[in-house]
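Chemist: Just one file: upload20.cif, with mmCIF, C-alpha atoms.
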```
data_protein
loop_
_atom_site.label_atom_id
_atom_site.label_comp_id
_atom_site.auth_asym_id
_atom_site.auth_seq_id
_atom_site.Cartn_x
_atom_site.Cartn_y
_atom_site.Cartn_z
CA MET A 1 5.58 -15.24 26.77
CA ASN A 2 2.65 -16.37 24.68
CA ILE A 3 -0.62 -16.22 26.65
CA LYS A 4 -1.02 -19.94 25.95
CA ILE A 5 1.79 -20.57 28.45
CA TYR A 6 -0.09 -18.74 31.21
CA ALA A 7 -3.19 -20.77 30.34
CA GLN A 8 -1.12 -23.93 30.65
CA HIS A 9 0.02 -22.83 34.12
CA ARG A 10 -3.58 -22.19 35.16
CA ARG A 11 -4.80 -25.55 33.87
CA GLN A 12 -2.05 -27.37 35.73
CA LEU A 13 -2.84 -25.53 38.96
CA MET A 14 -6.59 -26.17 38.67
CA ARG A 15 -6.01 -29.89 38.07
CA MET A 16 -4.06 -29.98 41.32
CA MET A 17 -6.74 -28.00 43.16
CA GLY A 18 -9.59 -30.23 42.04
CA GLU A 19 -13.22 -29.26 41.64
CA ASN A 20 -15.31 -27.68 44.39
CA SER A 21 -12.47 -25.24 45.04
CA ILE A 22 -11.57 -21.65 44.22
CA ALA A 23 -8.25 -19.79 44.06
CA VAL A 24 -7.94 -16.08 44.79
CA LEU A 25 -4.76 -14.14 44.09
CA PRO A 26 -4.33 -10.35 44.26
CA ALA A 27 -1.83 -8.34 42.24
CA ALA A 28 1.11 -6.67 43.94
CA PRO A 29 0.28 -3.43 45.75
CA VAL A 30 1.61 -0.06 44.63
CA LEU A 31 4.27 1.20 47.05
CA LEU A 32 5.08 4.82 47.79
CA ARG A 33 8.69 5.94 47.57
CA ASN A 34 8.09 9.32 49.14
CA ARG A 35 4.93 11.39 49.49
CA ASP A 36 3.25 11.25 46.05
CA VAL A 37 6.09 9.46 44.23
CA GLU A 38 5.65 5.72 43.70
CA HIS A 39 8.22 3.00 43.31
CA GLY A 40 8.22 1.51 39.83
CA PHE A 41 5.50 -1.14 39.79
CA ARG A 42 6.59 -4.76 39.52
CA GLN A 43 3.84 -7.36 39.32
CA ASP A 44 3.65 -10.14 41.91
CA SER A 45 5.50 -13.15 40.51
CA ASP A 46 2.72 -15.65 41.23
CA PHE A 47 0.15 -13.34 39.65
CA TYR A 48 2.30 -12.85 36.55
CA TYR A 49 3.00 -16.59 36.30
CA LEU A 50 -0.73 -17.30 36.02
CA SER A 51 -1.84 -14.42 33.83
CA GLY A 52 0.90 -12.21 32.39
CA PHE A 53 -1.34 -9.29 33.42
CA PRO A 54 0.89 -6.33 34.34
CA GLU A 55 -1.40 -3.92 36.20
CA PRO A 56 -1.93 -3.26 39.91
CA GLU A 57 -5.35 -3.28 41.60
CA SER A 58 -6.19 -6.60 39.97
CA VAL A 59 -7.34 -10.00 41.23
CA ILE A 60 -7.21 -13.47 39.66
CA VAL A 61 -9.99 -15.91 40.51
CA LEU A 62 -9.77 -19.53 39.33
CA VAL A 63 -12.80 -21.82 39.64
CA PRO A 64 -12.07 -25.34 38.32
CA GLY A 65 -14.96 -26.91 36.47
CA ARG A 66 -17.08 -23.76 36.31
CA LYS A 67 -19.08 -23.89 33.07
CA GLN A 68 -19.40 -20.11 32.73
CA GLY A 69 -15.62 -19.69 32.78
CA GLN A 70 -12.81 -20.82 35.03
CA PHE A 71 -10.41 -17.85 34.71
CA ILE A 72 -11.84 -14.57 35.98
CA LEU A 73 -9.99 -11.26 36.26
CA PHE A 74 -11.00 -8.23 38.27
CA VAL A 75 -9.19 -5.17 36.93
CA ARG A 76 -9.28 -1.39 36.91
CA ASP A 77 -11.94 0.12 34.66
CA ARG A 78 -10.96 2.25 31.70
CA ASP A 79 -10.84 5.91 32.72
CA LYS A 80 -9.90 8.52 30.13
CA LYS A 81 -8.96 11.16 32.71
CA LYS A 82 -6.77 8.86 34.81
CA GLU A 83 -5.20 7.29 31.74
CA THR A 84 -4.22 10.77 30.55
CA TRP A 85 -2.28 11.26 33.77
CA ASP A 86 -1.01 7.78 34.62
CA GLY A 87 -1.01 5.71 31.45
CA ARG A 88 -3.26 3.33 29.56
CA ARG A 89 -5.30 0.57 31.17
CA TYR A 90 -6.55 -2.65 29.64
CA GLY A 91 -9.91 -2.60 31.40
CA PRO A 92 -12.22 -5.64 31.56
CA GLU A 93 -12.51 -5.89 27.78
CA GLY A 94 -8.74 -5.89 27.33
CA ALA A 95 -8.37 -8.51 30.06
CA VAL A 96 -10.59 -10.84 28.01
CA GLU A 97 -9.29 -9.99 24.55
CA GLN A 98 -5.55 -9.81 25.28
CA PHE A 99 -5.03 -12.03 28.32
CA GLY A 100 -7.53 -14.80 27.74
CA ALA A 101 -9.80 -14.22 30.73
CA ASP A 102 -13.10 -16.07 30.44
CA GLN A 103 -14.76 -13.18 32.23
CA ALA A 104 -13.53 -9.85 33.57
CA TYR A 105 -15.11 -7.31 35.90
CA PRO A 106 -14.20 -3.93 37.40
CA ILE A 107 -12.16 -4.32 40.57
CA THR A 108 -14.77 -2.23 42.39
CA ASP A 109 -17.26 -5.10 41.93
CA LEU A 110 -15.06 -7.68 43.67
CA GLU A 111 -16.99 -7.96 46.95
CA ASP A 112 -20.31 -8.09 45.11
CA ILE A 113 -19.30 -10.97 42.79
CA LEU A 114 -16.69 -13.00 44.71
CA PRO A 115 -19.08 -14.37 47.39
CA GLY A 116 -21.23 -15.91 44.66
CA LEU A 117 -18.17 -17.54 43.11
CA MET A 118 -17.20 -18.97 46.51
CA GLU A 119 -20.64 -20.20 47.42
CA HIS A 120 -20.49 -23.74 46.06
CA CYS A 121 -16.81 -24.31 46.89
CA GLU A 122 -15.45 -26.35 49.75
CA SER A 123 -11.83 -25.05 49.66
CA VAL A 124 -10.46 -21.55 49.14
CA TYR A 125 -6.88 -21.52 47.91
CA TYR A 126 -5.55 -18.24 49.24
CA THR A 127 -2.38 -17.38 51.14
CA ILE A 128 -3.40 -15.45 54.25
CA GLY A 129 -0.98 -12.94 55.72
CA LEU A 130 1.00 -11.84 52.66
CA ASN A 131 -1.36 -8.94 51.93
CA PRO A 132 -3.19 -7.99 55.14
CA GLU A 133 -5.20 -5.29 53.38
CA PHE A 134 -6.56 -7.74 50.83
CA ASP A 135 -7.15 -10.35 53.55
CA LYS A 136 -9.97 -8.07 54.72
CA HIS A 137 -11.69 -8.28 51.33
CA VAL A 138 -11.51 -12.07 51.31
CA MET A 139 -12.87 -12.36 54.83
CA ASN A 140 -15.66 -9.90 54.04
CA CYS A 141 -16.72 -12.20 51.21
CA VAL A 142 -16.67 -15.28 53.45
CA ASN A 143 -18.57 -13.46 56.19
CA ASN A 144 -21.11 -12.36 53.60
CA LEU A 145 -21.80 -16.03 52.91
CA ARG A 146 -21.86 -16.92 56.60
CA SER A 147 -24.55 -14.34 57.19
CA LYS A 148 -26.75 -16.27 54.74
CA ALA A 149 -25.94 -19.76 56.02
CA ARG A 150 -29.34 -20.19 57.70
CA GLY A 151 -30.95 -19.70 54.33
CA GLY A 152 -29.05 -22.68 52.93
CA THR A 153 -26.06 -20.83 51.49
CA HIS A 154 -22.96 -23.04 51.44
CA VAL A 155 -19.81 -21.61 53.07
CA PRO A 156 -16.31 -22.90 52.21
CA TYR A 157 -15.00 -24.94 55.13
CA GLU A 158 -11.24 -24.55 54.67
CA PHE A 159 -8.52 -22.17 53.53
CA VAL A 160 -5.51 -23.73 51.83
CA SER A 161 -2.28 -21.83 51.17
CA LEU A 162 -2.00 -21.26 47.43
CA ASP A 163 1.80 -21.24 47.81
CA TYR A 164 1.80 -24.96 48.56
CA LEU A 165 0.84 -25.90 45.00
CA LEU A 166 1.93 -22.89 43.00
CA HIS A 167 5.48 -22.63 44.28
CA ASP A 168 6.22 -26.25 43.55
CA MET A 169 4.99 -25.67 39.99
CA ARG A 170 7.26 -22.66 39.57
CA LEU A 171 10.29 -24.70 40.56
CA TYR A 172 10.23 -26.50 37.19
CA LYS A 173 10.94 -24.21 34.23
CA HIS A 174 9.61 -25.17 30.82
CA ARG A 175 11.16 -24.36 27.46
CA ASP A 176 9.76 -20.83 27.14
CA GLU A 177 10.82 -19.89 30.65
CA LEU A 178 14.34 -21.17 30.05
CA ARG A 179 14.51 -19.12 26.86
CA LEU A 180 13.75 -15.96 28.84
CA MET A 181 16.28 -16.91 31.51
CA ARG A 182 18.98 -17.43 28.87
CA LYS A 183 18.22 -13.95 27.57
CA ALA A 184 18.39 -12.43 31.07
CA ALA A 185 21.72 -14.18 31.62
CA LYS A 186 23.08 -13.09 28.22
CA ILE A 187 22.27 -9.45 28.95
CA SER A 188 23.85 -9.79 32.39
CA VAL A 189 27.00 -11.36 30.97
CA GLN A 190 27.55 -8.43 28.63
CA ALA A 191 26.86 -5.98 31.47
CA HIS A 192 29.57 -7.60 33.60
CA ILE A 193 32.01 -7.44 30.68
CA ASP A 194 31.16 -3.74 30.23
CA ALA A 195 31.92 -3.13 33.90
CA MET A 196 35.22 -5.02 33.72
CA GLN A 197 36.33 -2.99 30.74
CA ALA A 198 35.28 0.31 32.33
CA CYS A 199 37.12 -0.44 35.56
CA GLU A 200 40.37 1.32 36.46
CA PRO A 201 41.82 2.88 39.61
CA GLY A 202 40.06 6.10 40.51
CA VAL A 203 36.56 5.28 39.27
CA TYR A 204 33.75 4.99 41.77
CA GLU A 205 31.69 1.92 42.54
CA TYR A 206 28.56 3.70 41.35
CA GLN A 207 30.18 4.35 37.97
CA LEU A 208 30.52 0.61 37.41
CA GLU A 209 26.94 0.19 38.58
CA ALA A 210 25.94 2.72 35.91
CA GLU A 211 27.58 0.53 33.26
CA LEU A 212 25.46 -2.39 34.41
CA LEU A 213 22.19 -0.46 34.43
CA TYR A 214 22.88 1.09 31.05
CA ARG A 215 23.35 -2.34 29.47
CA PHE A 216 20.24 -3.72 31.19
CA ASN A 217 18.02 -0.87 30.01
CA ARG A 218 19.54 -0.73 26.56
CA GLN A 219 18.66 -4.40 26.04
CA GLY A 220 15.05 -4.03 27.16
CA ALA A 221 15.60 -5.39 30.66
CA GLY A 222 15.73 -4.00 34.18
CA TRP A 223 17.61 -4.94 37.30
CA ALA A 224 16.58 -8.12 39.10
CA TYR A 225 17.94 -6.80 42.41
CA GLN A 226 20.02 -3.87 43.60
CA SER A 227 23.52 -4.35 42.29
CA ILE A 228 26.43 -5.01 44.65
CA VAL A 229 29.64 -3.25 43.61
CA GLY A 230 32.15 -3.56 46.43
CA GLY A 231 35.81 -2.64 46.20
CA GLY A 232 38.52 -3.51 48.72
CA ALA A 233 37.07 -3.95 52.21
CA ASN A 234 33.55 -3.63 50.77
CA SER A 235 34.02 -6.90 48.87
CA CYS A 236 33.86 -8.66 52.24
CA ILE A 237 30.35 -7.33 52.99
CA LEU A 238 27.99 -9.89 51.50
CA HIS A 239 25.07 -7.57 50.75
CA TYR A 240 26.92 -4.28 50.32
CA THR A 241 24.80 -1.86 48.27
CA GLU A 242 26.00 1.67 49.09
CA ASN A 243 28.22 1.57 45.97
CA ASN A 244 29.68 5.01 46.75
CA GLN A 245 33.41 4.46 47.34
CA ILE A 246 36.38 5.03 45.06
CA LEU A 247 38.14 1.97 43.64
CA ASN A 248 41.81 1.89 44.52
CA ASP A 249 44.80 0.49 42.69
CA GLY A 250 45.76 -2.91 44.13
CA ASP A 251 42.27 -3.75 45.39
CA MET A 252 39.73 -6.26 44.14
CA VAL A 253 36.15 -5.37 43.25
CA LEU A 254 33.22 -7.76 43.62
CA ILE A 255 30.17 -7.22 41.39
CA ASP A 256 26.97 -9.16 42.04
CA ALA A 257 24.38 -8.05 39.48
CA GLY A 258 21.71 -9.54 37.26
CA ALA A 259 19.12 -8.40 34.76
CA GLU A 260 15.42 -9.19 34.85
CA TYR A 261 13.98 -9.87 31.42
CA LYS A 262 10.21 -10.21 30.97
CA GLY A 263 9.78 -11.31 34.56
CA TYR A 264 12.75 -13.71 34.80
CA ALA A 265 15.98 -13.04 36.65
CA ALA A 266 19.68 -13.63 36.26
CA ASP A 267 22.05 -13.57 39.25
CA ILE A 268 25.77 -13.42 38.46
CA THR A 269 28.86 -12.48 40.45
CA ARG A 270 32.44 -11.82 39.36
CA THR A 271 35.42 -10.56 41.31
CA PHE A 272 38.39 -8.97 39.59
CA PRO A 273 41.36 -6.65 40.24
CA VAL A 274 40.67 -2.95 39.89
CA ASN A 275 43.83 -2.44 37.84
CA GLY A 276 43.27 -5.49 35.65
CA ARG A 277 46.10 -7.63 37.03
CA PHE A 278 45.83 -10.14 39.88
CA THR A 279 48.46 -10.02 42.58
CA ASP A 280 49.80 -13.36 43.78
CA ALA A 281 47.69 -13.13 46.96
CA GLN A 282 44.54 -12.26 45.03
CA ARG A 283 45.14 -15.06 42.57
CA GLU A 284 45.58 -17.61 45.37
CA ILE A 285 42.15 -16.85 46.83
CA TYR A 286 40.49 -16.50 43.44
CA GLU A 287 41.79 -19.82 42.13
CA LEU A 288 40.64 -21.62 45.27
CA VAL A 289 37.10 -20.23 44.95
CA LEU A 290 37.06 -21.12 41.25
CA GLU A 291 38.17 -24.67 42.01
CA SER A 292 35.36 -25.01 44.55
CA GLN A 293 32.81 -23.75 42.02
CA GLN A 294 34.01 -26.25 39.44
CA ALA A 295 33.65 -29.05 42.00
CA ALA A 296 30.11 -27.89 42.81
CA MET A 297 29.19 -27.74 39.13
CA LYS A 298 30.12 -31.40 38.66
CA LYS A 299 27.45 -32.36 41.19
CA ILE A 300 24.60 -30.70 39.31
CA LYS A 301 22.69 -33.44 37.52
CA PRO A 302 19.39 -35.27 37.96
CA GLY A 303 19.38 -37.66 40.89
CA ASN A 304 21.90 -35.78 43.02
CA HIS A 305 20.43 -33.89 45.94
CA TRP A 306 20.31 -30.16 46.54
CA ASN A 307 23.12 -30.17 49.09
CA ASP A 308 25.64 -32.10 46.95
CA PRO A 309 27.08 -28.99 45.25
CA HIS A 310 27.42 -27.20 48.59
CA GLU A 311 29.20 -30.15 50.20
CA ALA A 312 31.59 -30.39 47.25
CA ALA A 313 32.41 -26.68 47.43
CA VAL A 314 32.93 -26.82 51.21
CA ARG A 315 35.37 -29.73 50.88
CA VAL A 316 37.50 -27.92 48.31
CA LEU A 317 37.44 -24.62 50.19
CA THR A 318 38.30 -26.19 53.53
CA LYS A 319 41.17 -28.22 52.08
CA GLY A 320 42.47 -25.12 50.30
CA MET A 321 42.25 -22.96 53.41
CA VAL A 322 44.29 -25.53 55.34
CA GLU A 323 46.94 -25.53 52.61
CA LEU A 324 47.08 -21.71 52.63
CA GLY A 325 47.19 -21.54 56.41
CA LEU A 326 43.85 -19.84 56.87
CA LEU A 327 42.65 -22.83 58.92
CA LYS A 328 44.46 -25.42 61.02
CA GLY A 329 43.33 -28.94 61.83
CA SER A 330 41.95 -31.99 60.08
CA ILE A 331 39.74 -31.26 57.11
CA ARG A 332 37.08 -33.65 58.35
CA ASN A 333 36.82 -32.01 61.77
CA LEU A 334 36.94 -28.52 60.36
CA ILE A 335 33.98 -29.33 58.13
CA LYS A 336 32.09 -31.09 60.92
CA GLU A 337 32.59 -28.08 63.22
CA GLU A 338 31.86 -25.64 60.36
CA GLN A 339 35.13 -23.80 60.96
CA TYR A 340 35.15 -22.85 57.30
CA SER A 341 32.28 -20.44 58.06
CA LYS A 342 34.83 -17.96 59.44
CA PHE A 343 35.60 -17.16 55.82
CA TYR A 344 32.68 -18.78 53.94
CA MET A 345 29.43 -18.08 55.71
CA HIS A 346 26.70 -18.62 53.12
CA ARG A 347 25.25 -21.43 51.04
CA THR A 348 26.59 -22.35 47.61
CA GLY A 349 23.38 -21.47 45.79
CA HIS A 350 19.64 -20.95 45.68
CA TRP A 351 16.75 -21.49 43.29
CA LEU A 352 16.46 -18.93 40.50
CA GLY A 353 13.49 -17.93 38.36
CA MET A 354 10.93 -15.13 38.47
CA ASP A 355 12.34 -14.22 41.86
CA VAL A 356 16.08 -13.96 42.40
CA HIS A 357 15.78 -16.20 45.44
CA ASP A 358 13.08 -18.20 43.79
CA VAL A 359 10.32 -20.24 45.39
CA GLY A 360 10.42 -23.99 45.99
CA ASP A 361 11.29 -26.16 48.97
CA TYR A 362 14.89 -27.25 49.46
CA LYS A 363 13.84 -30.24 51.54
CA VAL A 364 10.99 -32.72 51.13
CA ASP A 365 10.03 -34.80 54.18
CA ASP A 366 13.17 -33.51 55.93
CA GLU A 367 15.40 -34.85 53.15
CA TRP A 368 17.35 -32.72 50.70
CA ARG A 369 15.42 -32.40 47.47
CA LEU A 370 16.67 -34.34 44.46
CA LEU A 371 17.67 -32.27 41.45
CA GLU A 372 15.42 -32.73 38.42
CA GLN A 373 15.30 -31.51 34.85
CA GLY A 374 13.95 -27.96 34.59
CA MET A 375 15.20 -26.71 37.95
CA VAL A 376 17.44 -23.63 37.83
CA LEU A 377 19.89 -22.68 40.54
CA THR A 378 22.88 -20.48 41.22
CA VAL A 379 26.35 -21.79 42.10
CA GLU A 380 28.19 -19.16 44.14
CA PRO A 381 30.97 -20.18 46.52
CA GLY A 382 33.14 -17.45 48.04
CA LEU A 383 35.82 -16.51 50.54
CA TYR A 384 35.87 -13.26 52.53
CA ILE A 385 38.88 -12.12 54.54
CA PRO A 386 38.34 -8.72 56.17
CA ALA A 387 41.25 -6.80 57.66
CA GLY A 388 42.17 -7.70 61.21
CA ARG A 389 42.35 -11.48 60.96
CA ARG A 390 45.46 -12.69 62.73
CA GLY A 391 48.12 -14.41 60.68
CA VAL A 392 46.45 -13.78 57.31
CA LYS A 393 47.45 -10.18 56.59
CA ARG A 394 48.55 -11.20 53.10
CA TRP A 395 44.86 -11.63 52.16
CA TRP A 396 43.28 -8.79 54.15
CA ASN A 397 40.30 -7.14 52.45
CA ILE A 398 40.09 -9.75 49.72
CA GLY A 399 36.53 -10.92 49.19
CA VAL A 400 35.91 -13.27 46.25
CA ARG A 401 32.63 -14.73 45.04
CA ILE A 402 32.08 -16.44 41.68
CA GLU A 403 28.44 -17.02 40.77
CA ASP A 404 26.81 -18.53 37.71
CA ASP A 405 23.28 -19.58 36.74
CA VAL A 406 22.72 -23.25 35.95
CA ALA A 407 19.74 -25.23 34.62
CA VAL A 408 19.42 -28.94 35.34
CA THR A 409 19.06 -30.87 32.07
CA ARG A 410 18.05 -34.44 31.27
CA ASP A 411 21.55 -35.81 31.81
CA GLY A 412 23.54 -32.99 33.41
CA HIS A 413 23.35 -29.21 33.40
CA GLU A 414 23.50 -26.12 31.21
CA MET A 415 25.33 -22.99 32.34
CA LEU A 416 22.98 -20.17 31.38
CA SER A 417 25.66 -17.56 32.12
CA ALA A 418 28.21 -19.09 29.76
CA GLY A 419 30.36 -16.54 27.96
CA LEU A 420 31.44 -14.54 30.99
CA PRO A 421 35.14 -14.94 31.88
CA ARG A 422 35.69 -17.18 34.88
CA THR A 423 39.42 -17.92 35.09
CA SER A 424 41.86 -15.28 36.23
CA ASP A 425 43.63 -15.36 32.85
CA GLU A 426 40.34 -14.85 31.00
CA ILE A 427 39.45 -11.90 33.22
CA GLU A 428 42.82 -10.26 32.70
CA ALA A 429 42.50 -10.70 28.94
CA VAL A 430 39.04 -9.10 28.82
CA MET A 431 40.11 -6.18 31.00
CA ALA A 432 43.16 -5.60 28.82
CA GLY A 433 41.14 -5.74 25.61
#
```
Spit out the file's structure as structure tokens when you get a sec.
Modeler:
Amino acid sequence: MNIKIYAQHRRQLMRMMGENSIAVLPAAPVLLRNRDVEHGFRQDSDFYYLSGFPEPESVIVLVPGRKQGQFILFVRDRDKKKETWDGRRYGPEGAVEQFGADQAYPITDLEDILPGLMEHCESVYYTIGLNPEFDKHVMNCVNNLRSKARGGTHVPYEFVSLDYLLHDMRLYKHRDELRLMRKAAKISVQAHIDAMQACEPGVYEYQLEAELLYRFNRQGAGWAYQSIVGGGANSCILHYTENNQILNDGDMVLIDAGAEYKGYAADITRTFPVNGRFTDAQREIYELVLESQQAAMKKIKPGNHWNDPHEAAVRVLTKGMVELGLLKGSIRNLIKEEQYSKFYMHRTGHWLGMDVHDVGDYKVDDEWRLLEQGMVLTVEPGLYIPAGRRGVKRWWNIGVRIEDDVAVTRDGHEMLSAGLPRTSDEIEAVMAG
């Protein structure tokens, strides 16, 4: 995104903080994979949201109303030797020139400079506990000020969780964020189509995963989360990620996969027959899940509350399970007693954004949050029938989930993942083509 967007985020946050306050936010830490091999670095979402700065060992400091500059970055110094081995760094000059910092300093100077920035502030916006190692740096700075209190140095009197303000901001996506999310969804849609068309009996789950990753990388994206590719019995394991089994003729395969594009995620699931043709039993379960998703979609509009789509999906699924014989009893009582959870044990969606399970409260003052323009959520009902259930052998090892990404608009919603087959006939046609 344009750095002006990050500046807009910072201004909004600082208005909410008010003067006589300071915000401190460290970058994500580097994590070791094994011995001297690191995991690929992914910047902390909050940090990226406020700066766009992609490097580790960095700290954002925001000081509303400070005349010398409100946005301060502490970053790694330029180092020709280390850059030869590990890649280029922006350094303090690059932080100012390319990311709009008012001032930038070497990260090694943090504990020398931060106490002075805190000195005239009453509130420190910092989330304690997320990064215990960095907590020590923050407390060292506060204790530095406390040691000078008798000389008239002012010490901040409260810590306030930065998440409280920042995560509510991130819940509402503006135009540029939605553009990136459409792109992430578009890449993901094509990846799912690639996997459908590569699927046939005898291929392995990891081979379909390879189709997904190839499309993501080819389009300049990465994976937003580890892909789920579960065939047969594995489709009934909600977070199955081994992806190492062969796909058998007559089974279904469930793929839950999404791309991350420039920091924003997609999250999409499709379930389809390995051989490209639904059996009658598979179609019965699939059509019921699809009907429940359509019912949930109709509830996504401003003014409805967060739980409306879930309640709509549960009603359709419970009614359908009674008609199929999966459940017995009155629909009302079955819902009240949550008997549907024998086969549908998760929620119908979650917030989506920079994180796959994105930030933002689902309830406000113990009431379900009302949907508003700019919110983005998933809609993902499912049914899972592992082998061994009495009286339902016809549907053993059929797990179906259908998931799409939806943005709340001014008067309804927009399906960001449009273009990916949803009906059983559409899926069969794509797999045949």
Chemist: Please identify all polymer residues within 12 Å of Gly231 in chain A, counting all atoms listed in the file, omitting same-chain residues fewer than 4 positions from it, and present them as a PyMOL selection string.
Modeler: chain A and resi 199-206+208+235-238+240-256+270-275+386+397-400
Chemist: Give me, as a list in words, all polymer residues having an atom no more than 8 Å from Leu327 in chain A, counting only C-alpha atoms and skipping those fewer than 5 positions away in the same chain.
Modeler: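 So the residues in contact are Thr318, Met321, Val322, Gln339 and Tyr340 of chain A.
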Chemist: Generate the output file for the selected residues, C-alpha atoms, as a PDB file, in the coordinates of the input.
Modeler:
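In the end it all went to result-v1.pdb:
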```
ATOM      1  CA  THR A 318      38.300 -26.190  53.530  1.00  0.00           C
ATOM      2  CA  MET A 321      42.250 -22.960  53.410  1.00  0.00           C
ATOM      3  CA  VAL A 322      44.290 -25.530  55.340  1.00  0.00           C
ATOM      4  CA  GLN A 339      35.130 -23.800  60.960  1.00  0.00           C
ATOM      5  CA  TYR A 340      35.150 -22.850  57.300  1.00  0.00           C
TER       6      TYR A 340
END
```
Chemist: I need the residue nearest Trp395 in chain A from this list: A:Gln226, A:Thr423, A:Thr84, A:Gln282. Use all atoms listed in the file for the distance.
Modeler: A:Gln282
Chemist: Enumerate, as a PyMOL selection string, the residues matched when the PyMOL selection byres ((chain A and resi 13-17) around 8) is run on the file above.
Modeler: chain A and resi 9-12+18-19+21+62-64+165-166+169
Chemist: So, counting only C-alpha atoms, which residue among A:Trp85, A:Phe71, A:Tyr261, A:Phe343 is closest to Arg179 in chain A?
Modeler: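 Of the candidates, the smallest distance to Arg179 in chain A is held by A:Tyr261.
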Chemist: The PyMOL selection byres ((chain A and resi 182-189) around 6) - which residues does that actually catch in the file I just gave you? List them as a list in words.
Modeler: Arg179, Leu180, Met181, Gln190, Ala191, His192, Gly258, Ala259, Glu260, Tyr261, Ala266, Leu416, Ser417 and Leu420 of chain A
Chemist: Can you translate the PyMOL selection byres ((chain A and resi 357) around 12) into the concrete residues it hits in this file, as number ranges by chain?
Modeler: A: 45, 171, 224-225, 264-267, 349-356, 358-362, 376-378, 405
Chemist: Mind pulling up the distance from CA of Ile193 in chain A to CA of Arg215 in chain A?
Modeler: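 Distance between the two atoms: 10.1 Å.
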